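Trainee: What follows is the file input.csv, containing CSV, C-alpha atoms:
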```csv
chain,number,residue,atom,x,y,z
J,1,MET,CA,127.9,6.8,-10.0
J,2,SER,CA,130.1,5.0,-7.6
J,3,SER,CA,129.7,1.4,-6.9
J,4,ALA,CA,130.1,1.8,-3.2
J,5,ALA,CA,127.0,1.4,-1.1
J,6,TRP,CA,125.8,4.3,1.1
J,7,SER,CA,126.6,4.0,4.8
J,8,PRO,CA,125.4,6.3,7.6
J,9,PRO,CA,127.9,8.5,9.3
J,10,ALA,CA,129.8,6.8,12.1
J,11,ARG,CA,128.9,9.4,14.6
J,12,ILE,CA,126.3,12.1,15.0
J,13,SER,CA,127.8,15.3,16.3
J,14,GLY,CA,126.3,16.9,19.4
J,15,ALA,CA,124.9,19.9,17.4
J,16,SER,CA,123.2,17.5,14.9
J,17,TYR,CA,121.7,15.4,17.7
J,18,ALA,CA,120.3,18.5,19.4
J,19,ALA,CA,118.8,19.7,16.1
J,20,VAL,CA,117.2,16.3,15.5
J,21,ALA,CA,115.8,16.3,19.1
J,22,VAL,CA,114.4,19.8,18.8
J,23,THR,CA,112.7,18.9,15.5
J,24,MET,CA,111.2,15.8,16.9
J,25,ALA,CA,109.9,17.7,20.0
J,26,HIS,CA,108.3,20.2,17.6
J,27,TYR,CA,106.5,17.5,15.7
J,28,LYS,CA,105.4,15.8,18.9
J,29,ALA,CA,104.0,19.2,20.2
J,30,ALA,CA,102.2,19.8,17.0
J,31,ASP,CA,100.8,16.3,17.0
J,32,SER,CA,99.7,16.7,20.6
J,33,LYS,CA,97.9,20.0,19.8
J,34,ARG,CA,96.3,18.4,16.8
J,35,GLU,CA,95.1,15.4,18.8
J,36,GLN,CA,93.7,17.8,21.5
J,37,PHE,CA,91.8,19.7,18.9
J,38,ARG,CA,90.5,16.5,17.3
J,39,ARG,CA,89.2,15.3,20.8
J,40,TYR,CA,87.6,18.8,21.3
J,41,LEU,CA,85.8,18.5,18.0
J,42,GLU,CA,84.7,15.0,18.8
J,43,LYS,CA,83.4,15.9,22.3
J,44,SER,CA,81.4,18.9,21.0
J,45,GLY,CA,79.7,16.8,18.3
J,46,VAL,CA,81.3,18.7,15.4
J,47,LEU,CA,82.8,15.6,13.8
J,48,ASP,CA,79.5,13.7,14.0
J,49,THR,CA,77.5,16.6,12.6
J,50,LEU,CA,79.9,17.1,9.7
J,51,THR,CA,80.0,13.4,9.0
J,52,LYS,CA,76.2,13.2,8.8
J,53,VAL,CA,76.0,16.3,6.5
J,54,LEU,CA,78.7,14.9,4.2
J,55,VAL,CA,77.0,11.5,4.1
J,56,ALA,CA,73.7,13.2,3.2
J,57,LEU,CA,75.5,15.1,0.4
J,58,TYR,CA,77.1,11.8,-0.8
J,59,GLU,CA,73.7,10.0,-0.8
J,60,GLU,CA,72.0,12.9,-2.6
J,61,PRO,CA,70.8,11.4,-5.9
J,62,GLU,CA,71.1,14.7,-7.8
J,63,LYS,CA,74.1,16.6,-6.6
J,64,PRO,CA,73.4,20.2,-5.9
J,65,THR,CA,75.1,22.8,-8.0
J,66,SER,CA,76.7,24.3,-4.9
J,67,ALA,CA,78.0,21.8,-2.4
J,68,LEU,CA,78.8,24.7,0.0
J,69,ASP,CA,75.2,25.9,0.0
J,70,PHE,CA,74.1,22.4,0.7
J,71,LEU,CA,76.4,22.2,3.7
J,72,LYS,CA,75.4,25.6,4.9
J,73,HIS,CA,71.7,24.8,4.7
J,74,HIS,CA,72.0,21.4,6.4
J,75,LEU,CA,74.4,22.7,9.1
J,76,GLY,CA,72.1,25.6,9.8
J,77,ALA,CA,69.3,23.2,10.4
J,78,ALA,CA,71.4,21.1,12.7
J,79,THR,CA,72.6,23.8,15.0
J,80,PRO,CA,70.9,24.5,18.3
J,81,GLU,CA,68.7,27.6,18.4
J,82,ASN,CA,70.1,30.9,19.4
J,83,PRO,CA,68.6,31.8,22.9
J,84,GLU,CA,67.5,35.2,21.5
J,85,ILE,CA,65.5,33.5,18.7
J,86,GLU,CA,63.8,31.2,21.3
J,87,LEU,CA,62.8,34.3,23.3
J,88,LEU,CA,61.4,36.0,20.2
J,89,ARG,CA,59.4,32.8,19.4
J,90,LEU,CA,57.9,32.8,22.9
J,91,GLU,CA,57.1,36.5,22.7
J,92,LEU,CA,55.4,35.9,19.3
J,93,ALA,CA,53.3,33.1,20.8
J,94,GLU,CA,52.3,35.3,23.7
J,95,MET,CA,51.3,38.1,21.3
J,96,LYS,CA,49.2,35.7,19.2
J,97,GLU,CA,47.3,34.7,22.3
J,98,LYS,CA,46.7,38.3,23.3
J,99,TYR,CA,45.5,39.1,19.7
J,100,GLU,CA,43.1,36.2,19.7
J,101,ALA,CA,41.7,37.3,23.1
J,102,SER,CA,41.3,40.8,21.8
J,103,VAL,CA,39.4,39.6,18.7
J,104,GLU,CA,37.1,37.5,20.9
J,105,GLU,CA,36.5,40.4,23.3
J,106,ASN,CA,35.8,42.7,20.3
J,107,LYS,CA,33.1,40.3,19.0
J,108,LYS,CA,31.5,40.1,22.5
J,109,LEU,CA,31.5,43.9,22.8
J,110,LYS,CA,30.0,44.4,19.3
J,111,ALA,CA,27.2,41.9,20.2
J,112,LYS,CA,26.5,43.7,23.4
J,113,LEU,CA,26.5,47.1,21.7
J,114,ALA,CA,24.1,45.8,19.1
J,115,GLN,CA,21.6,45.1,21.9
J,116,TYR,CA,21.4,48.7,22.9
J,117,GLU,CA,21.6,50.4,19.5
J,118,PRO,CA,18.5,50.5,17.3
J,119,PRO,CA,18.9,48.7,13.9
J,120,GLN,CA,20.3,50.8,11.1
J,121,GLU,CA,16.9,51.0,9.3
J,122,GLU,CA,15.2,52.6,12.3
J,123,LYS,CA,18.0,55.3,12.6
J,124,ARG,CA,17.4,56.3,8.9
J,125,ALA,CA,13.7,56.7,9.5
J,126,GLU,CA,14.2,59.2,12.2
```
Render the structure in this file as structure tokens.
Mentor:
Amino acid sequence: MSSAAWSPPARISGASYAAVAVTMAHYKAADSKREQFRRYLEKSGVLDTLTKVLVALYEEPEKPTSALDFLKHHLGAATPENPEIELLRLELAEMKEKYEASVEENKKLKAKLAQYEPPQEEKRAE
């Protein structure tokens, strides 16, 4: 060990300066892309949603055995509906209405038919 204190070089060569400048520009570009991506996540609501789900996991009195399954379940509930699913739900509701109308019509037709048919007991006597 020498007793002399460390001192920086007196001059930075042109090549060293260029290397430092390129390295700094690379870090600035990476930071800029990272910041753009962060803003994108923030605008789209991803950060808020993730924060809410993680807070829910943190506040869970009994921690689930699989934190990943907890996240999947809660994120799935938080996502907007797929348009195709919504169309299927509307179609299902429409089909239920048609079914109910058919059941009601069937009851009315059976009652009407019963007026014109003799009771079962009279048929057997013939």
Trainee: Which value, in Å to one decimal, gives the distance between atom CA of J:Thr49 and atom CA of J:His74?
Mentor: 9.6 Å
Trainee: Could you jot down the atom CA of J:Glu94 to atom CA of J:Lys107 separation for me, Å, one decimal place?
Mentor: 20.4 Å
Trainee: Mind pulling up the distance from atom CA of J:Glu35 to atom CA of J:Ala67?
Mentor: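 Rounded to one decimal, the two atoms are 28.0 Å apart.
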